[in-house]
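Visitor: What follows is query.txt, compact mmCIF, C-alpha atoms and all ligand atoms.
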# COMPACT_ATOMS: atom_id res chain seq x y z
CA MET A 785 0.00 0.00 0.00
CA LYS A 786 1.29 3.39 -1.02
CA ILE A 787 0.39 6.68 0.65
CA CYS A 788 1.14 10.25 -0.38
CA HIS A 789 1.18 12.50 2.65
CA PHE A 790 1.19 16.28 2.34
CA SER A 791 0.24 19.09 4.68
CA ASP A 792 0.17 22.72 5.79
CA SER A 793 -0.63 24.34 2.45
CA HIS A 794 -1.80 27.47 4.28
CA LEU A 795 -3.81 28.66 1.28
CA GLY A 796 -4.64 32.31 1.75
CA ALA A 797 -1.37 33.25 3.46
CA GLY A 798 0.64 36.02 1.83
CA GLU A 799 -2.15 38.56 2.03
CA SER A 800 0.21 41.42 2.89
CA HIS A 801 2.41 40.94 -0.19
CA ARG A 802 2.55 44.27 -1.99
CA ARG A 803 1.92 43.12 -5.57
CA LEU A 804 -1.37 41.88 -6.90
CA ALA A 805 -1.65 39.07 -9.42
CA PRO A 806 -4.32 39.04 -12.14
CA GLY A 807 -7.50 37.94 -10.39
CA GLY A 808 -6.89 40.11 -7.34
CA LEU A 809 -5.05 37.81 -4.95
CA THR A 810 -1.49 38.80 -4.11
CA GLU A 811 1.40 37.23 -6.03
CA ARG A 812 2.45 35.46 -2.87
CA GLN A 813 -1.02 34.02 -2.32
CA GLU A 814 -0.80 32.70 -5.88
CA ASP A 815 2.60 31.19 -5.01
CA LEU A 816 1.10 29.19 -2.18
CA ILE A 817 -1.74 28.00 -4.38
CA ALA A 818 0.78 27.05 -7.08
CA GLY A 819 2.78 24.98 -4.57
CA PHE A 820 -0.37 23.14 -3.58
CA ILE A 821 -1.31 22.48 -7.22
CA LYS A 822 2.20 21.21 -8.04
CA ALA A 823 1.94 18.76 -5.14
CA VAL A 824 -1.47 17.59 -6.34
CA ASP A 825 -0.08 17.14 -9.88
CA ARG A 826 2.75 14.93 -8.57
CA ILE A 827 0.40 12.92 -6.35
CA ILE A 828 -1.84 12.24 -9.33
CA ASP A 829 1.23 11.03 -11.29
CA ILE A 830 2.29 8.75 -8.43
CA LYS A 831 -1.29 7.50 -8.01
CA PRO A 832 -1.09 6.26 -4.39
CA ASP A 833 -3.73 4.04 -2.79
CA ILE A 834 -4.45 6.80 -0.29
CA CYS A 835 -3.62 10.48 -0.09
CA ILE A 836 -3.51 12.32 3.25
CA HIS A 837 -3.49 16.05 3.98
CA SER A 838 -2.67 16.49 7.66
CA GLY A 839 -4.13 19.92 8.33
CA ASP A 840 -3.91 23.67 7.77
CA LEU A 841 -5.07 23.44 4.18
CA PHE A 842 -6.20 27.02 4.76
CA HIS A 843 -4.31 29.73 6.59
CA THR A 844 -7.40 31.02 8.37
CA VAL A 845 -10.75 29.78 9.63
CA ARG A 846 -12.55 31.85 7.02
CA PRO A 847 -10.61 31.81 3.78
CA LEU A 848 -11.75 33.93 0.85
CA ASN A 849 -14.41 32.28 -1.29
CA SER A 850 -12.05 32.54 -4.27
CA ILE A 851 -9.40 30.58 -2.39
CA MET A 852 -11.91 27.94 -1.30
CA ALA A 853 -12.97 27.56 -4.93
CA ARG A 854 -9.36 27.07 -6.03
CA ALA A 855 -8.88 24.41 -3.33
CA ALA A 856 -12.14 22.69 -4.30
CA GLU A 857 -10.96 22.39 -7.89
CA GLN A 858 -7.80 20.56 -6.80
CA LEU A 859 -9.46 18.29 -4.23
CA HIS A 860 -12.08 17.32 -6.78
CA ARG A 861 -9.36 16.56 -9.33
CA LEU A 862 -7.42 14.47 -6.82
CA ALA A 863 -10.19 12.49 -5.15
CA ALA A 864 -13.13 12.39 -7.56
CA GLN A 865 -11.60 12.63 -11.04
CA ASN A 866 -8.47 10.59 -10.35
CA ASN A 867 -10.02 8.20 -7.88
CA ILE A 868 -7.47 8.71 -5.15
CA PRO A 869 -9.15 8.34 -1.73
CA THR A 870 -8.07 11.47 0.10
CA VAL A 871 -8.23 12.14 3.83
CA ILE A 872 -8.07 15.69 5.11
CA ILE A 873 -8.17 17.03 8.66
CA ALA A 874 -8.56 20.53 10.12
CA GLY A 875 -5.40 22.01 11.67
CA ASN A 876 -5.07 24.74 14.28
CA HIS A 877 -5.20 27.43 11.59
CA ASP A 878 -8.35 26.31 9.82
CA ALA A 879 -10.29 24.61 12.63
CA PRO A 880 -13.14 26.76 14.00
CA LYS A 881 -12.74 28.16 17.50
CA GLN A 882 -16.48 27.73 18.06
CA PRO A 883 -18.58 24.81 16.76
CA ARG A 884 -21.25 26.95 15.09
CA VAL A 885 -18.65 28.57 12.82
CA GLY A 886 -17.85 25.23 11.18
CA ALA A 887 -14.73 24.37 9.22
CA ALA A 888 -14.10 25.68 5.71
CA ILE A 889 -13.15 22.17 4.56
CA ASP A 890 -16.71 21.04 5.41
CA VAL A 891 -17.93 22.53 2.14
CA PHE A 892 -15.96 19.83 0.30
CA ARG A 893 -17.86 16.96 1.96
CA GLN A 894 -19.85 16.25 -1.18
CA ILE A 895 -16.74 15.52 -3.22
CA ASP A 896 -16.56 11.79 -3.95
CA ASN A 897 -13.71 9.88 -2.39
CA LEU A 898 -12.84 12.70 0.00
CA TYR A 899 -12.80 11.89 3.72
CA ILE A 900 -13.00 14.93 5.96
CA ALA A 901 -12.34 15.16 9.70
CA SER A 902 -13.22 18.60 11.02
CA SER A 903 -15.65 18.02 13.88
CA GLY A 904 -13.06 18.51 16.62
CA ARG A 905 -13.40 14.79 17.36
CA MET A 906 -11.61 11.77 15.95
CA GLU A 907 -13.18 10.24 12.87
CA VAL A 908 -12.42 6.74 11.63
CA PHE A 909 -12.37 5.87 7.94
CA GLN A 910 -11.92 2.40 6.45
CA ILE A 911 -10.18 2.75 3.10
CA GLY A 912 -9.38 -0.60 1.50
CA SER A 913 -7.40 -2.59 4.05
CA ALA A 914 -6.40 0.51 6.00
CA ARG A 915 -8.12 1.93 9.04
CA ILE A 916 -7.48 5.64 9.23
CA LEU A 917 -7.85 7.46 12.52
CA ALA A 918 -8.19 11.10 11.60
CA LEU A 919 -7.83 13.42 14.58
CA PRO A 920 -8.46 17.05 13.65
CA HIS A 921 -7.56 20.02 15.83
CA CYS A 922 -9.78 19.74 18.93
CA LEU A 923 -11.72 22.60 20.49
CA THR A 924 -10.26 22.06 23.94
CA GLY A 925 -7.31 20.35 25.55
CA ALA A 926 -9.75 18.13 27.45
CA THR A 927 -11.27 16.85 24.20
CA LEU A 928 -7.82 16.15 22.84
CA GLN A 929 -6.96 14.09 25.93
CA GLU A 930 -10.21 12.08 25.59
CA GLU A 931 -9.49 11.36 21.95
CA LEU A 932 -5.85 10.45 22.55
CA ALA A 933 -6.97 7.96 25.20
CA VAL A 934 -9.00 6.03 22.61
CA CYS A 935 -6.56 6.58 19.80
CA LYS A 936 -5.60 2.93 19.37
CA PRO A 937 -5.02 0.59 16.46
CA SER A 938 -7.51 -2.17 15.69
CA ALA A 939 -6.37 -5.79 15.28
CA ASP A 940 -8.99 -6.25 12.54
CA ALA A 941 -7.31 -3.86 10.15
CA ASP A 942 -4.29 -4.74 7.99
CA TYR A 943 -2.93 -1.24 8.48
CA ASN A 944 -3.65 1.35 11.14
CA ILE A 945 -2.81 4.91 10.22
CA LEU A 946 -3.08 7.99 12.38
CA VAL A 947 -3.50 11.48 10.94
CA VAL A 948 -2.96 14.28 13.44
CA HIS A 949 -1.97 17.95 13.56
CA GLY A 950 0.22 19.32 16.36
CA ALA A 951 3.60 19.54 18.01
CA VAL A 952 5.13 16.33 19.33
CA ALA A 953 5.35 16.69 23.12
CA GLY A 954 8.78 17.08 24.61
CA MET A 955 10.25 18.14 21.26
CA PRO A 956 10.16 21.95 21.33
CA GLN A 957 11.81 22.12 17.91
CA PHE A 958 8.44 21.11 16.41
CA SER A 959 6.51 23.89 18.09
CA MET A 960 5.31 26.71 15.86
CA ALA A 961 4.66 28.82 18.97
CA ASP A 962 1.07 29.18 17.80
CA LEU A 963 -1.82 30.03 20.02
CA GLY A 964 -3.76 26.85 20.81
CA GLU A 965 -1.19 24.50 19.32
CA GLN A 966 -1.82 20.88 20.34
CA GLU A 967 0.73 18.53 21.86
CA ILE A 968 0.84 14.91 20.76
CA PRO A 969 2.52 12.45 23.16
CA VAL A 970 5.28 10.34 21.62
CA GLU A 971 3.76 7.06 22.94
CA VAL A 972 0.76 7.55 20.67
CA LEU A 973 3.01 7.73 17.62
CA ASN A 974 4.47 4.29 18.24
CA ARG A 975 1.12 2.50 18.09
CA PHE A 976 0.56 2.84 14.36
CA ASP A 977 1.83 1.52 11.03
CA TYR A 978 2.23 5.13 9.93
CA VAL A 979 1.52 8.49 11.54
CA ALA A 980 0.93 11.40 9.16
CA LEU A 981 1.80 14.50 11.14
CA GLY A 982 0.96 18.07 10.27
CA HIS A 983 1.90 21.43 11.82
CA PHE A 984 5.71 21.59 11.67
CA HIS A 985 6.65 22.90 8.23
CA ASN A 986 9.83 20.99 7.41
CA PHE A 987 9.86 17.37 6.24
CA CYS A 988 11.21 15.17 9.02
CA GLN A 989 10.92 11.92 10.90
CA VAL A 990 9.98 12.06 14.60
CA ALA A 991 9.45 8.39 15.54
CA PRO A 992 10.21 5.08 13.77
CA LYS A 993 6.94 5.36 11.81
CA ALA A 994 5.93 9.00 12.21
CA TRP A 995 6.77 11.84 9.85
CA TYR A 996 6.01 15.49 9.33
CA SER A 997 5.58 15.89 5.58
CA GLY A 998 6.30 19.60 5.83
CA SER A 999 4.42 22.34 4.03
CA THR A 1000 4.01 22.72 0.26
CA GLU A 1001 5.54 26.22 0.24
CA ARG A 1002 7.89 28.15 2.51
CA LEU A 1003 6.08 30.21 5.11
CA SER A 1004 8.88 31.53 7.31
CA GLN A 1005 12.63 32.07 7.20
CA ALA A 1006 13.00 29.00 9.42
CA GLU A 1007 12.13 27.03 6.27
CA ARG A 1008 14.62 28.65 3.90
CA ASP A 1009 17.06 25.73 3.91
CA SER A 1010 14.41 23.01 3.69
CA ASP A 1011 13.10 21.57 0.48
CA LYS A 1012 9.36 21.58 0.07
CA GLY A 1013 7.21 18.71 -1.07
CA PHE A 1014 5.55 15.68 0.48
CA ALA A 1015 6.13 12.17 1.83
CA VAL A 1016 5.65 9.04 -0.26
CA VAL A 1017 5.10 6.13 2.10
CA ASP A 1018 5.20 2.43 1.24
CA LEU A 1019 3.83 0.26 4.03
CA GLU A 1020 5.09 -3.11 2.80
CA PRO A 1021 8.08 -3.12 2.95
CA PHE A 1022 8.08 0.04 5.03
CA ARG A 1023 9.82 2.93 3.29
CA VAL A 1024 9.37 6.69 3.33
CA ARG A 1025 10.84 9.01 0.74
CA PHE A 1026 10.59 12.71 0.10
CA GLU A 1027 9.11 13.99 -3.15
CA LEU A 1028 10.35 17.45 -3.99
CA VAL A 1029 8.06 20.19 -5.22
CA PRO A 1030 9.62 23.43 -6.53
CA SER A 1031 9.09 26.38 -4.20
CA ARG A 1032 9.95 30.05 -3.77
CA ALA A 1033 13.53 30.72 -2.63
CA MET A 1034 14.09 32.51 0.67
CA VAL A 1035 17.35 34.12 1.66
CA ASP A 1036 18.56 35.68 4.87
CA LEU A 1037 21.28 38.21 4.13
CA ARG A 1038 24.08 39.41 6.32
CA LYS A 1039 23.06 41.50 9.31
CA ILE A 1040 23.88 45.19 9.26
CA ASP A 1041 25.10 46.95 12.39
CA ALA A 1042 23.70 50.47 12.57
CA THR A 1043 25.79 51.51 15.58
CA GLY A 1044 26.97 55.09 15.06
CA LYS A 1045 25.56 55.25 11.51
CA ARG A 1046 23.24 57.81 9.96
CA GLY A 1047 20.18 56.76 7.98
CA ASP A 1048 21.79 57.42 4.60
CA GLU A 1049 24.82 55.32 5.56
CA VAL A 1050 22.62 52.41 6.55
CA ALA A 1051 20.70 52.77 3.25
CA THR A 1052 23.98 52.65 1.27
CA GLU A 1053 25.01 49.53 3.11
CA LEU A 1054 21.60 47.93 2.54
CA ARG A 1055 21.93 48.62 -1.17
CA ARG A 1056 25.43 47.13 -1.25
CA VAL A 1057 24.24 43.96 0.51
CA LEU A 1058 21.16 43.58 -1.69
CA ASP A 1059 23.00 44.32 -4.96
CA LYS A 1060 25.04 41.14 -4.47
CA VAL A 1061 21.96 38.94 -4.94
CA ASP A 1062 19.34 38.74 -7.64
CA THR A 1063 16.40 39.47 -5.38
CA SER A 1064 13.78 39.67 -8.13
CA ASP A 1065 12.44 36.15 -7.54
CA LYS A 1066 13.28 35.68 -3.86
CA ILE A 1067 11.89 36.45 -0.45
CA VAL A 1068 14.73 38.31 1.19
CA ARG A 1069 15.32 39.21 4.78
CA VAL A 1070 17.88 41.70 6.06
CA ARG A 1071 18.23 42.62 9.68
CA VAL A 1072 19.56 45.95 10.87
CA ASP A 1073 20.67 45.83 14.50
CA ASN A 1074 21.23 48.59 17.05
CA VAL A 1075 18.81 50.94 15.37
CA THR A 1076 18.09 54.36 16.94
CA PRO A 1077 15.01 56.53 16.32
CA GLU A 1078 17.33 59.22 14.88
CA MET A 1079 18.76 56.78 12.34
CA LEU A 1080 15.26 55.70 11.30
CA LYS A 1081 14.21 59.32 10.80
CA THR A 1082 17.09 60.01 8.43
CA ILE A 1083 16.91 56.84 6.35
CA PRO A 1084 16.01 57.89 2.78
CA ALA A 1085 12.52 56.55 2.04
CA ASP A 1086 13.08 56.56 -1.74
CA THR A 1087 16.06 54.20 -1.41
CA LEU A 1088 14.01 51.79 0.70
CA ALA A 1089 11.14 51.97 -1.80
CA GLU A 1090 13.52 51.26 -4.67
CA LEU A 1091 15.08 48.26 -2.89
CA ARG A 1092 11.63 46.90 -2.10
CA GLU A 1093 10.57 47.36 -5.71
CA LYS A 1094 13.54 45.30 -6.98
CA ALA A 1095 12.89 42.33 -4.71
CA TYR A 1096 10.09 39.81 -5.00
CA ALA A 1097 9.60 40.45 -1.28
CA LEU A 1098 11.91 42.31 1.05
CA ASP A 1099 11.59 41.93 4.78
CA LEU A 1100 13.63 44.65 6.48
CA GLN A 1101 13.85 44.13 10.20
CA PHE A 1102 14.98 47.08 12.26
CA GLU A 1103 15.97 46.00 15.76
CA LYS A 1104 16.82 48.25 18.70
CA GLY A 1105 19.48 45.91 20.06
CA GLU A 1106 20.82 42.58 18.94
CA PRO A 1107 17.99 40.12 19.50
CA ASP A 1108 18.76 36.73 20.94
CA GLU A 1109 19.23 34.26 18.08
CA ALA A 1110 17.94 31.42 20.23
CA THR A 1111 14.39 32.78 20.28
CA GLY A 1112 13.73 30.56 17.26
CA GLU A 1113 12.40 31.72 13.97
CA PHE A 1114 9.12 29.84 14.02
CA GLY A 1115 8.51 31.63 17.32
CA ARG A 1116 9.20 35.00 15.72
CA SER A 1117 6.40 34.61 13.26
CA ALA A 1118 4.13 33.80 16.19
CA ILE A 1119 3.85 37.53 16.85
CA GLY A 1120 2.18 37.85 13.48
CA ARG A 1121 -0.05 34.94 14.33
CA LEU A 1122 -1.17 36.27 17.67
CA ASP A 1123 -3.00 39.08 15.90
CA LEU A 1124 -4.34 36.60 13.36
CA SER A 1125 -5.62 34.27 16.04
CA PHE A 1126 -7.19 37.15 17.93
CA ALA A 1127 -8.89 38.44 14.78
CA GLU A 1128 -10.30 34.97 14.21
CA PHE A 1129 -11.50 34.88 17.78
CA LEU A 1130 -13.23 38.24 17.35
CA GLU A 1131 -14.79 37.11 14.06
CA ALA A 1132 -16.35 34.16 15.81
CA ALA A 1133 -17.14 35.79 19.15
CA ASP A 1134 -20.63 36.86 20.13
CA LEU A 1135 -20.28 40.64 20.01
CA LYS A 1136 -23.88 41.86 20.10
CA GLY A 1137 -23.96 45.61 20.61
CA PHE A 1138 -20.30 46.06 19.67
CA ASP A 1139 -18.76 47.32 16.47
CA ARG A 1140 -16.93 44.18 15.38
CA GLU A 1141 -14.91 45.83 12.60
CA ARG A 1142 -13.75 48.57 14.91
CA LEU A 1143 -12.76 46.09 17.63
CA ILE A 1144 -10.70 44.15 15.10
CA ARG A 1145 -9.06 47.36 13.87
CA GLU A 1146 -8.20 48.46 17.39
CA ALA A 1147 -6.95 45.01 18.37
CA MET A 1148 -4.66 44.93 15.31
CA LYS A 1149 -3.20 48.27 16.39
CA TYR A 1150 -2.41 47.01 19.88
CA LEU A 1151 -1.10 43.67 18.73
CA GLY A 1152 1.28 45.39 16.35
CA ALA A 1153 -0.12 43.97 13.12
CA GLU A 1154 0.16 47.37 11.51
CA GLU A 1155 3.86 47.99 11.77
MN MN B 1 -0.58 24.24 12.19
Show me the file's structure as structure tokens.
Ligand SMILES: [Mn+2]
Guide:
Amino acid sequence: MKICHFSDSHLGAGESHRRLAPGGLTERQEDLIAGFIKAVDRIIDIKPDICIHSGDLFHTVRPLNSIMARAAEQLHRLAAQNNIPTVIIAGNHDAPKQPRVGAAIDVFRQIDNLYIASSGRMEVFQIGSARILALPHCLTGATLQEELAVCKPSADADYNILVVHGAVAGMPQFSMADLGEQEIPVEVLNRFDYVALGHFHNFCQVAPKAWYSGSTERLSQAERDSDKGFAVVDLEPFRVRFELVPSRAMVDLRKIDATGKRGDEVATELRRVLDKVDTSDKIVRVRVDNVTPEMLKTIPADTLAELREKAYALDLQFEKGEPDEATGEFGRSAIGRLDLSFAEFLEAADLKGFDRERLIREAMKYLGAEE
């Protein structure tokens, strides 16, 4: 039995990218969709017995209708048109925070051959000789514990496969520092013939038969050195290999020390650093340390605009001191996600008598989403 396991497509991410693509989404949003489509193309070529998507198909609980339509097209192609039974679970990004909101992936339930777990409870699917335990992101930690307690293989099935989204407990390197991220105990992983993990964005093995497939596109600088793609799993004999899918290059350039420098001097140095690389097709990060308010006031805005214009995406990080490198780069992006999670919470919350839009606007201000 052959399984293709992919994950964390985060369709809809890249909203703040400055250039629009034809159709109105940003170029970066199109990138993420393209990565997902390339993975689907390869899976259709491989034609596995089962395909698994282990969560965070969408970046948010309420993706744009246009993005849902693009996803529907691909899932229909994969499961219905090409007859590949496909299991998909909700991850922490696309699972609703309240039951009445429902999961976006629920709208795909009518697609033939697609098995969806989004109820916040474990769902069991029998596909051929495999019994699939699909555990989506749970509403509460208590529910997760209840489900993990009954998360056991069945002797009646030839193969028992677990699909779950979260960080493996006791392995902080797999944490995305997300709000509401779930922890999966290692013991659970060792009960199954294969565990398809989602959440951590780089392909890697975490237990003898448990893998993160990684995401289908790069979402943070912590992923710049990792290839993107998916896992191809053979159960008999057991073998897991990585299938590469082309993705957007990310580079992290040399840090610039602004100590004692004026704004125009920092701008000249930025230009020198950026001129060494063809940035036109890359997501580029440069960090400027020891920044003072005076330096920021005198930095020529037209130079910054020009450098931004040249790059596919330029992330300039101005830091007051020299931040601790050990804070972890997945953790860094968690600041961006705190506002996202809070906005989702506000979207779903019962706010009778309040101006929801205004609350969201104010919250974004305080959470630093509008830098
Ligand atoms: Mn996740």
Visitor: For segment 914-923 of chain A, list every protein, DNA or RNA residue within 8 Å, evaluated using only C-alpha atoms, and leave out those in the same chain fewer than 3 positions away; present the list as a ChimeraX atom specification.
Guide: /A:839,871-876,879-882,901-911,927-928,931,935,938,941-950,966
Visitor: Residues contacting ligand MN 1 (chain B) - anything with an atom at most 12 Å away, using all atoms listed in the file - can you give me those as a count of residues only?
Guide: 50
Visitor: What's around Val1070 of chain A at 8 Å? Count only C-alpha atoms, leave out sequence neighbours fewer than 2 positions away in its own chain, and write the answer as a list in words.
Guide: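 So, after excluding close chain neighbours, the residues are Asp1036, Leu1037, Arg1038, Lys1039, Ile1040, Val1068, Val1072, Leu1098, Asp1099, Leu1100 and Gln1101 of chain A.
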Visitor: Find the distance between atom CA of Glu1053 of chain A and atom CA of Ile1083 of chain A and write it in Å to one decimal.
Guide: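 Here the two named atoms are 11.4 Å from each other.
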Visitor: Could you give me, as JSON lines, a per-residue list for segment 1013-1098 of chain A showing, wherever an atom lies at most 8 Å from an atom of segment 810-828 of chain A, the closest pair of atoms and their distance in Å to one decimal, using all atoms listed in the file and sorting by chain then residue number from low to high?
Guide:
{"residue": "A:Gly1013", "atom": "CA", "partner": "A:Ala823", "partner_atom": "CA", "distance": 6.7}
{"residue": "A:Phe1014", "atom": "CA", "partner": "A:Ala823", "partner_atom": "CA", "distance": 7.4}
{"residue": "A:Val1029", "atom": "CA", "partner": "A:Ala823", "partner_atom": "CA", "distance": 6.3}
{"residue": "A:Pro1030", "atom": "CA", "partner": "A:Gly819", "partner_atom": "CA", "distance": 7.3}
{"residue": "A:Ser1031", "atom": "CA", "partner": "A:Gly819", "partner_atom": "CA", "distance": 6.5}
{"residue": "A:Arg1032", "atom": "CA", "partner": "A:Asp815", "partner_atom": "CA", "distance": 7.5}
Visitor: I'd like the neighbourhood of Asn897 of chain A as a PyMOL selection string, where a residue qualifies if any of its atoms comes within 7 Å (using all atoms listed in the file), though same-chain residues fewer than 6 positions away should be ignored.
Guide: chain A and resi 863-864+867-870
Visitor: In terms of the shortest atom-to-atom distance over only C-alpha atoms, which of A:Pro1084, A:Val972, A:Val891, A:Val990 is closest to Gln929 of chain A?
Guide: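 Among A:Pro1084, A:Val972, A:Val891, A:Val990, it is A:Val972 that comes nearest to Gln929 of chain A.
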Visitor: Which is closer to Ala797 of chain A than all the others in A:Asp1086, A:Glu1001, A:Glu1027, A:Asp833, using only C-alpha atoms?
Guide: A:Glu1001
Visitor: Looking at all atoms listed in the file, which of A:Ile889, A:Ile836, A:Ala1033, A:Met955 is the one that sits closest to Leu795 of chain A?
Guide: A:Ile889
